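First up is the structure itself, then whatever we jot down about it.
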Amino acid sequence: MNLLLLRAEDFLPDGTARLRGRRAVHAKEVLRAQAKDVLRVGLWGGQVGTAEVLSIGGGEVHLRPTLDTAPPDRAHIDLLLAIPRPKALKKVLPAVASLGVDRLVLVNAARVEKSYFDSKVLAPAFIEELLALGLEQARDTVPPKVFVRERFRPFVEDELAGVFGDVAHRWLAHPVGEKPLPALPRPGPTERILLAIGPEGGWVPFEVQLLEAQGFRTFSLGPRILRVETAVPLLVGQAALYRQLSA
Ligand code: SAH
């Protein structure tokens, strides 16, 4: 944890903050914080800064935060991600938050197992906890907005254009026999990119057609088939770099 993420409800009327639970244990046992130490903190959805430890002990930390700095810039990248197996999702959610992705749509697809919808990983509180881990890692405070959609076609046909109305570039990652990323038009420095990433079994042809009908362009990173948890950070990184090269 490189930043202690505070919630509005942690604050007392005098502007100090009291933490218990996971964050208090982390401050004591991992950061080995003591009274008068200064820790890096951020307010969920707000600014970052430092906090003086006023007291620590009895499972509680009492802090005096000063929040005066903007969190890091956003990636200007959004993801349409077919729901991966829960074990992969547990890795992908913190990574997506760490990378500064703005919107994440977790969508059903033909090769997504139906049982994934019963997984506790998709519960809003669980998602938020995994995003918090990624934010704390990256010293960010702004989580991606997450949507979970159980029906692929209605989402793509009826909702996608509204959710991603400001996106200039829609790219579909598909491993086999497609063009490499540089074959697609280069995004301008401030243009948003939406990446569609398939499930472990890949996109089926019908899904590729439906997304292409919505303006997605298909590209490949080459013949190595990557796991979803590997593909996500690599694709976000490649998209960001490709845009940067055009600046
Ligand atoms: N057997 C599947 C592999 C899916 S891997 C198939 O052949 O399609 C899961 C997802 O990660 C893919 O749907 C794609 O979006 C992304 N991905 C993995 N490796 C990739 C590569 N080499 N190029 C582009 N996308 C890739």
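Each chain in the structure tokens gets a letter, A, B and so on, in the order shown; residues start at 1 in every chain, and ligands are counted from 1 in the order they appear.
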
What are the nearest atom pairs, with distances in Å to one decimal, for all residues of region 87-156 of chain A that come at most 10 Å from region 31-42 of chain A, using only C-alpha atoms, set out by chain and rising residue number as JSON lines?
{"residue": "A:Leu135", "atom": "CA", "partner": "A:Gly42", "partner_atom": "CA", "distance": 9.6}
{"residue": "A:Glu136", "atom": "CA", "partner": "A:Gly42", "partner_atom": "CA", "distance": 8.6}
{"residue": "A:Arg139", "atom": "CA", "partner": "A:Gly42", "partner_atom": "CA", "distance": 7.6}
{"residue": "A:Asp140", "atom": "CA", "partner": "A:Gly42", "partner_atom": "CA", "distance": 7.4}
{"residue": "A:Thr141", "atom": "CA", "partner": "A:Gly42", "partner_atom": "CA", "distance": 6.1}
{"residue": "A:Val142", "atom": "CA", "partner": "A:Gly42", "partner_atom": "CA", "distance": 9.7}

Contacts to ligand 1 at 9 Å cut-off (only C-alpha atoms and all ligand atoms) as a PyMOL selection string: chain A and resi 81-82+84+172-176+178+180+195-204+218-232+235

Let's have the selection written as a compact mmCIF listing (two decimals), in the first residue's frame, with N, CA and C atoms.
# COMPACT_ATOMS: atom_id res chain seq x y z
N LEU A 81 -14.72 -5.54 -21.18
CA LEU A 81 -14.02 -6.79 -20.85
C LEU A 81 -15.04 -7.91 -20.66
N ALA A 82 -14.91 -8.96 -21.47
CA ALA A 82 -15.75 -10.14 -21.23
C ALA A 82 -15.37 -10.70 -19.87
N PRO A 84 -13.94 -12.48 -17.04
CA PRO A 84 -13.01 -13.61 -16.93
C PRO A 84 -13.34 -14.45 -15.70
N LEU A 172 -10.69 -3.70 -30.96
CA LEU A 172 -11.04 -5.06 -30.51
C LEU A 172 -9.80 -5.93 -30.57
N ALA A 173 -9.37 -6.42 -29.42
CA ALA A 173 -8.18 -7.29 -29.37
C ALA A 173 -8.59 -8.73 -29.64
N HIS A 174 -7.96 -9.32 -30.64
CA HIS A 174 -8.33 -10.66 -31.10
C HIS A 174 -7.05 -11.31 -31.62
N PRO A 175 -6.62 -12.44 -31.03
CA PRO A 175 -5.27 -12.92 -31.30
C PRO A 175 -4.94 -13.32 -32.74
N VAL A 176 -5.84 -14.01 -33.42
CA VAL A 176 -5.36 -14.70 -34.62
C VAL A 176 -5.53 -13.93 -35.93
N GLU A 178 -4.96 -11.18 -37.39
CA GLU A 178 -5.48 -9.85 -37.65
C GLU A 178 -4.33 -8.85 -37.77
N PRO A 180 -1.76 -5.75 -36.90
CA PRO A 180 -1.14 -5.25 -35.66
C PRO A 180 -1.68 -3.85 -35.33
N LEU A 195 -11.02 -0.28 -25.46
CA LEU A 195 -10.46 -1.58 -25.82
C LEU A 195 -11.44 -2.68 -25.45
N ALA A 196 -11.75 -3.57 -26.41
CA ALA A 196 -12.60 -4.73 -26.12
C ALA A 196 -11.69 -5.96 -26.00
N ILE A 197 -11.78 -6.63 -24.85
CA ILE A 197 -10.92 -7.79 -24.56
C ILE A 197 -11.82 -8.98 -24.24
N GLY A 198 -11.55 -10.10 -24.92
CA GLY A 198 -12.44 -11.26 -24.86
C GLY A 198 -12.23 -12.13 -23.64
N PRO A 199 -13.08 -13.16 -23.49
CA PRO A 199 -12.96 -14.10 -22.37
C PRO A 199 -11.84 -15.12 -22.64
N GLU A 200 -11.59 -16.00 -21.70
CA GLU A 200 -10.53 -17.01 -21.85
C GLU A 200 -10.68 -17.79 -23.16
N GLY A 201 -11.94 -18.07 -23.54
CA GLY A 201 -12.17 -18.82 -24.78
C GLY A 201 -12.15 -17.94 -26.03
N GLY A 202 -12.01 -16.65 -25.87
CA GLY A 202 -11.97 -15.72 -27.00
C GLY A 202 -13.36 -15.25 -27.41
N TRP A 203 -13.39 -14.25 -28.30
CA TRP A 203 -14.65 -13.77 -28.87
C TRP A 203 -15.12 -14.77 -29.91
N VAL A 204 -16.43 -14.99 -30.05
CA VAL A 204 -16.95 -15.82 -31.15
C VAL A 204 -17.21 -14.89 -32.35
N THR A 218 -10.48 -4.44 -35.46
CA THR A 218 -9.83 -5.60 -34.85
C THR A 218 -8.31 -5.52 -35.05
N PHE A 219 -7.58 -5.86 -33.99
CA PHE A 219 -6.11 -5.93 -34.11
C PHE A 219 -5.59 -7.06 -33.24
N SER A 220 -4.32 -7.45 -33.51
CA SER A 220 -3.70 -8.53 -32.75
C SER A 220 -2.35 -8.07 -32.22
N LEU A 221 -1.95 -8.66 -31.10
CA LEU A 221 -0.61 -8.40 -30.56
C LEU A 221 0.38 -9.45 -31.07
N GLY A 222 -0.09 -10.35 -31.93
CA GLY A 222 0.79 -11.40 -32.43
C GLY A 222 0.33 -12.78 -32.01
N PRO A 223 1.09 -13.81 -32.37
CA PRO A 223 0.63 -15.19 -32.21
C PRO A 223 0.63 -15.72 -30.78
N ARG A 224 1.22 -15.00 -29.85
CA ARG A 224 1.21 -15.49 -28.47
C ARG A 224 -0.16 -15.20 -27.86
N ILE A 225 -0.85 -16.24 -27.46
CA ILE A 225 -2.15 -16.05 -26.83
C ILE A 225 -1.92 -15.79 -25.35
N LEU A 226 -2.40 -14.66 -24.90
CA LEU A 226 -2.12 -14.25 -23.53
C LEU A 226 -3.34 -14.49 -22.64
N ARG A 227 -3.06 -14.76 -21.38
CA ARG A 227 -4.14 -14.84 -20.41
C ARG A 227 -4.74 -13.45 -20.24
N VAL A 228 -6.00 -13.42 -19.83
CA VAL A 228 -6.68 -12.13 -19.69
C VAL A 228 -5.90 -11.21 -18.74
N GLU A 229 -5.41 -11.79 -17.62
CA GLU A 229 -4.72 -10.92 -16.65
C GLU A 229 -3.38 -10.39 -17.18
N THR A 230 -2.83 -11.05 -18.20
CA THR A 230 -1.62 -10.55 -18.86
C THR A 230 -2.00 -9.59 -19.98
N ALA A 231 -3.06 -9.96 -20.73
CA ALA A 231 -3.47 -9.15 -21.89
C ALA A 231 -3.92 -7.75 -21.46
N VAL A 232 -4.64 -7.64 -20.34
CA VAL A 232 -5.21 -6.33 -19.96
C VAL A 232 -4.12 -5.28 -19.75
N LEU A 235 -2.27 -4.53 -23.11
CA LEU A 235 -3.08 -3.80 -24.09
C LEU A 235 -3.25 -2.33 -23.68

Just list the residues in region 12-247 of chain A DSSP gives strand (DSSP E) on the backbone, as a ChimeraX atom specification. /A:17-20,38-43,48-57,60-69,77-82,103-107,145-149,167-173,192-197,217-219

Apply DSSP to the backbone of this structure and, from region 10-232 of chain A, keep only the residues in helix (DSSP H, G or I); write these as a PyMOL selection string. chain A and resi 10+22-29+86-98+114-118+120-122+124-138+152-163+181-183+205-213+228-232

Please produce an output containing C-alpha atoms for each residue in the selection, written as an mmCIF file, in the first residue's frame.
data_model
loop_
_atom_site.group_PDB
_atom_site.id
_atom_site.type_symbol
_atom_site.label_atom_id
_atom_site.label_comp_id
_atom_site.auth_asym_id
_atom_site.auth_seq_id
_atom_site.Cartn_x
_atom_site.Cartn_y
_atom_site.Cartn_z
ATOM 1 C CA ASP A 10 -13.417 8.446 8.417
ATOM 2 C CA ARG A 22 -7.472 -3.342 7.460
ATOM 3 C CA ARG A 23 -5.943 0.107 7.030
ATOM 4 C CA ALA A 24 -5.173 0.532 10.740
ATOM 5 C CA VAL A 25 -3.543 -2.913 10.854
ATOM 6 C CA HIS A 26 -1.523 -2.059 7.736
ATOM 7 C CA ALA A 27 -0.357 1.277 9.209
ATOM 8 C CA LYS A 28 0.781 -0.435 12.395
ATOM 9 C CA GLU A 29 2.207 -3.716 11.164
ATOM 10 C CA PRO A 86 -13.188 -15.057 -10.830
ATOM 11 C CA LYS A 87 -9.537 -15.800 -10.050
ATOM 12 C CA ALA A 88 -8.433 -13.675 -13.023
ATOM 13 C CA LEU A 89 -10.926 -10.926 -12.207
ATOM 14 C CA LYS A 90 -9.385 -10.632 -8.731
ATOM 15 C CA LYS A 91 -6.109 -9.704 -10.417
ATOM 16 C CA VAL A 92 -7.589 -7.625 -13.222
ATOM 17 C CA LEU A 93 -9.675 -5.262 -11.053
ATOM 18 C CA PRO A 94 -6.757 -3.894 -8.969
ATOM 19 C CA ALA A 95 -4.641 -3.641 -12.146
ATOM 20 C CA VAL A 96 -7.321 -1.668 -13.989
ATOM 21 C CA ALA A 97 -7.589 0.755 -11.058
ATOM 22 C CA SER A 98 -3.776 1.098 -10.872
ATOM 23 C CA LYS A 114 -22.715 -18.656 -16.636
ATOM 24 C CA SER A 115 -21.560 -19.574 -13.110
ATOM 25 C CA TYR A 116 -19.332 -16.466 -13.026
ATOM 26 C CA PHE A 117 -22.432 -14.357 -12.463
ATOM 27 C CA ASP A 118 -22.938 -16.072 -9.115
ATOM 28 C CA LYS A 120 -18.952 -12.965 -5.035
ATOM 29 C CA VAL A 121 -16.261 -11.126 -7.025
ATOM 30 C CA LEU A 122 -19.031 -9.389 -8.986
ATOM 31 C CA PRO A 124 -20.365 -4.212 -5.785
ATOM 32 C CA ALA A 125 -18.674 -4.171 -2.347
ATOM 33 C CA PHE A 126 -16.138 -6.786 -3.437
ATOM 34 C CA ILE A 127 -15.397 -4.917 -6.675
ATOM 35 C CA GLU A 128 -14.870 -1.702 -4.708
ATOM 36 C CA GLU A 129 -12.463 -3.408 -2.323
ATOM 37 C CA LEU A 130 -10.348 -4.751 -5.209
ATOM 38 C CA LEU A 131 -10.330 -1.329 -6.902
ATOM 39 C CA ALA A 132 -9.188 0.237 -3.607
ATOM 40 C CA LEU A 133 -6.170 -2.102 -3.523
ATOM 41 C CA GLY A 134 -5.161 -0.919 -7.004
ATOM 42 C CA LEU A 135 -5.652 2.750 -6.146
ATOM 43 C CA GLU A 136 -3.560 2.428 -2.994
ATOM 44 C CA GLN A 137 -0.831 0.763 -5.040
ATOM 45 C CA ALA A 138 -0.784 3.533 -7.688
ATOM 46 C CA PHE A 152 -24.009 -8.813 -24.549
ATOM 47 C CA ARG A 153 -26.138 -7.917 -27.536
ATOM 48 C CA PRO A 154 -28.494 -5.415 -25.846
ATOM 49 C CA PHE A 155 -25.498 -3.738 -24.232
ATOM 50 C CA VAL A 156 -23.588 -3.438 -27.511
ATOM 51 C CA GLU A 157 -26.572 -2.410 -29.617
ATOM 52 C CA ASP A 158 -28.502 -0.171 -27.223
ATOM 53 C CA GLU A 159 -26.195 1.087 -24.470
ATOM 54 C CA LEU A 160 -22.601 1.166 -25.701
ATOM 55 C CA ALA A 161 -22.954 4.310 -27.817
ATOM 56 C CA GLY A 162 -24.350 6.212 -24.805
ATOM 57 C CA VAL A 163 -21.799 4.988 -22.241
ATOM 58 C CA LEU A 181 -1.972 -2.133 -33.657
ATOM 59 C CA PRO A 182 0.015 0.280 -35.912
ATOM 60 C CA ALA A 183 -2.296 -0.652 -38.825
ATOM 61 C CA PRO A 205 -17.405 -14.594 -34.774
ATOM 62 C CA PHE A 206 -20.893 -13.228 -34.034
ATOM 63 C CA GLU A 207 -19.504 -10.992 -31.287
ATOM 64 C CA VAL A 208 -16.689 -9.765 -33.505
ATOM 65 C CA GLN A 209 -19.230 -8.858 -36.224
ATOM 66 C CA LEU A 210 -21.510 -7.091 -33.760
ATOM 67 C CA LEU A 211 -18.634 -5.024 -32.360
ATOM 68 C CA GLU A 212 -17.293 -4.244 -35.830
ATOM 69 C CA ALA A 213 -20.776 -3.007 -36.761
ATOM 70 C CA VAL A 228 -6.676 -12.127 -19.692
ATOM 71 C CA GLU A 229 -4.720 -10.921 -16.645
ATOM 72 C CA THR A 230 -1.617 -10.552 -18.860
ATOM 73 C CA ALA A 231 -3.468 -9.153 -21.885
ATOM 74 C CA VAL A 232 -5.208 -6.334 -19.958
#

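Note that CA of Phe11 (chain A) and CA of Arg103 (chain A) are 28.0 Å apart.
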
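CA of Ser55 (chain A) is found 12.3 Å from CA of Arg20 (chain A).
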
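You will find CA of Asp73 (chain A) at 17.6 Å from CA of Pro187 (chain A).
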
Do you know which residues are at most 6 Å from region 188-192 of chain A counting only C-alpha atoms, after dropping those on the same chain fewer than 5 positions away, and could you put them as a PyMOL selection string? chain A and resi 76-77+167-168+247

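With only C-alpha atoms as the atoms that count, the minimum distance from Gln47 (chain A) to the choices A:Leu12, A:Leu5, A:Leu63, A:Ala110 is reached by A:Leu5.
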
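Taking only C-alpha atoms into account, Arg186 (chain A) lies nearest to A:Gln238 out of the set A:Leu106, A:Gln238, A:Pro143, A:Arg7.
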
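Each of A:Leu194, A:Ala123, A:Val112, A:Leu19 was checked against Ile56 (chain A) using only C-alpha atoms; the smallest atom-to-atom distance is that of A:Leu19.
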